[in-house]
Every structure is written in structure tokens, then in C-alpha cells.
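Below is one structure, written out as C-alpha cells; the observations come after it.
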Amino acid sequence: MATTEKTKAQLDAEFSDLYRQHLRDVYSYSYYRVGNHHDAEDLTEQTFLQAYRHFERAQRESNGRPLRPWLIRIAHNLAANFYRDRSRKPQTAIEDAAVISAPHDTETLVEGREELKAILDGVQKLPDDRREALIMRFALGMDNREIARAMGRSDGATKVLIHRAIRQLEEIVKTTDEEGS
Amino acid sequence: MSNAADFELLLRQALTPVDPPADMPERIEATLVNLTAMAADELEAWELSAMRDPRNWVRPAAAVVVGTTAGAALVVLRARQRRRRPRPNVLDAAEQALKDVYGGARKFLPKH
């Protein structure tokens with residue numbers, strides 16, 4: 001239908017909006033996946049380049065639903081390739097993210113730092129799918145439905161996945177605390 | 001960590017969103033703009049070079065074949081219709097058929 005087709009200029013403008021709206025989400029996700037800023041930048045850039053190539057189709061098939069899960073899914077697939085190609089695992093340097101970005105005052109930061117570090121270390125010990133679900137929920141603020149779409153699961157399965165991830169993480173942190181004291 | 005709600009609050013603080021480096025938005029935007037411009041240039045270049053490559057002539061050639069066949073069929077049909085009409089002599093009929101063929105073919109020749 002020629003009348004409903006968007007011009008390239010329209011598509012570019014809409015992609016630009018999408019990019020501005022979700023750059024921080026994609027970057028945060030990438031950062032928590034790869035564990036350092038350098039690779040997170042690469043991953044973010046690749047994600048948007050890939051998204052640009054398939055944007056028109058994604059818009060057509062989304063039926064007006066938000067495209068954030070689609071973007072995160074692209075980042076997820078690229079991150080999986082990143083590990084496969086380079087045969088490496090995420091680094092555990094993500095404590096920097098919380099320290100740099102969290103809106104704490106110095107005193108609270110010092111008090112809470114050990115606890116936050118223990119949680120971040122615990123996140124890295126979770127199975128991939130559980131870790132990803134927690135990143136999407138807590139770092140990106142995605143709801144169950146969005147996470148389900150990004151991970152290609154049902155809403156119910158996603159709810160269970162997140163619940164189990166939190167419980168497992170709690171256990172990991174508790175065990176680490178007990179071993180440390 | 002007294003209860004689940006507290007733990008989730010800590011988890012939210014630990015997994016705080018991370019801002020990209022300050023120069024990153026401009027850098028990615030520049031890459032995308034270059035990509036867009038490059039795509040347009042490449043498409044234009046492809047259209048020109050495609051017509052130079054005989055392998056890319058299949059579609060236009062097929063269109064010409066279809067057009068020519070239809071044109072030829074039209075010429076033959078007109079000749080038959082005229083053949084049914086009474087003709088003064090064979091030479092006139094031949095001349096008329098030749099005019100039909102030329103007139104039909106002329107429609108499919110490129111205009112200068």
C-alpha cells in the first residue's frame with residue numbers, strides 16, 4: 001500500500017527517536033553483560049547498527065508495541081556471539097557502575113558498598129538466563145511482559161524465572177556473607 | 001537483609017542504570033548518519049552500474065519481451081482483421097500489413 005508506506009526520512013526520524021530514547025538502556029544492558037565500558041560501547045554501537053538495518057520490518061511486525069524488547073534482544077544475541085567468538089566470560093568489574101552511577105551520598109556509599117558489591121558478584125554467578133532477567137528488571141526497569149518478549153518466553157515463565165533468580169541470588173549472597181564472617 | 005522487599009531494593013541499587021560515555025551519543029549518531037548517506041549513494045551507484053552489467057538486464061529485458069510479444073500479437077490481430085475485409089489487390093494488402101507492422105513496432109522503439 002503506497003499510501004501507508006513511510007518515507008525513508010520518516011523512518012530515519014523515528015529511528016533517531018528510538019535511539020535517543022533507549023541508548024541508556026542498551027548501554028546499561030551491554031555493560032552488565034560484558035562488564036567493561038570498552039566492550040559495552042562496541043556492543044551498543046553494533047546493536048543500533050543492526051537495529052537500523054531491520055527497523056522498518058520491526059516496526060511493521062510490532063503492531064505498535066514498544067521496540068525496547070526487540071533492541072535488547074538484538075543486544076542479547078550480539079553479546080552471545082561476542083562470547084562465542086572471543087571465548088570469554090563476562091568480567092566482574094561491574095562494581096564501578098554502581099559506584100559511579102548510583103545517586104548515593106558518600107557516607108551511604110561507603111556503608112552500602114560492600115553489600116552492593118556482594119550482590120553484583122552474586123549476579124555474575126547466576127545462570128545466564130537468570131542474570132539477564134535481573135539486569136532487564138532492575139537495571140532497565142522492564143516489566144515482565146517486556147522481559148518475556150526480549151527473552152522469547154511466556155509471561156508466566158518469565159515471572160517464575162525472575163522469582164527464582166532473586167531467591168538464588170539471595171542464597172548466594174547469604175552464603176558468601178556466612179563464609180566471610 | 002531483613003526481607004525480600006529490602007533485598008530487591010538493594011538489587012535495584014546495585015544494578016543501577018549506567019550512562020554511556022559523554023561522547024558516545026554523537027559518535028553513534030555520526031556513524032548512523034554516514035551509514036544512511038552511504039546507503040543512498042550505494043543505491044544510486046548500484047542503479048547505474050546495474051544497467052551496465054548484462055546479468056542485471058534480465059528483468060528489463062523480460063519486460064521488453066513481454067511488451068514486444070503483446071505488440072506483435074496486436075499487429076498480427078490487426079492484419080487478420082484487415083485480411084477479412086475486401087482488398088482491392090494483393091499489393092495493397094501487403095502494403096497495409098507492412099504499415100501495421102511498422103506502426104505497431106514503432107510504439108515499442110525508444111523515443112529520441
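In the C-alpha cells, each chain is lettered A, B, ... as it comes, each chain's residues begin at 1, and ligands are numbered from 1 in order of appearance.
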
Residues of chain B that have any atom at most 7 Å from an atom of chain A: could you tabulate them with the shortest-distance atom pair and the distance in Å to one decimal, using only C-alpha atoms, ordered by chain and increasing number, as a Markdown table?
```
| residue | atom | partner | partner_atom | distance |
| --- | --- | --- | --- | --- |
| B:Leu10 | CA | A:Leu116 | CA | 6.8 |
| B:Leu11 | CA | A:Ile119 | CA | 6.7 |
| B:Arg12 | CA | A:Phe138 | CA | 5.1 |
| B:Gln13 | CA | A:Ala102 | CA | 6.7 |
| B:Ala14 | CA | A:Leu116 | CA | 5.1 |
| B:Leu15 | CA | A:Ala139 | CA | 4.9 |
| B:Thr16 | CA | A:Ala139 | CA | 5.2 |
| B:Pro17 | CA | A:Ala139 | CA | 4.9 |
| B:Val18 | CA | A:Ser28 | CA | 4.8 |
| B:Asp19 | CA | A:Arg24 | CA | 5.8 |
| B:Pro20 | CA | A:Tyr27 | CA | 6.1 |
| B:Ile28 | CA | A:Glu45 | CA | 6.2 |
```

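Ranking A:Asn81, A:Lys159, A:Gly35, A:Asp42 by their shortest atom-to-atom distance to Asp121 of chain A, with only C-alpha atoms included, puts A:Gly35 first.
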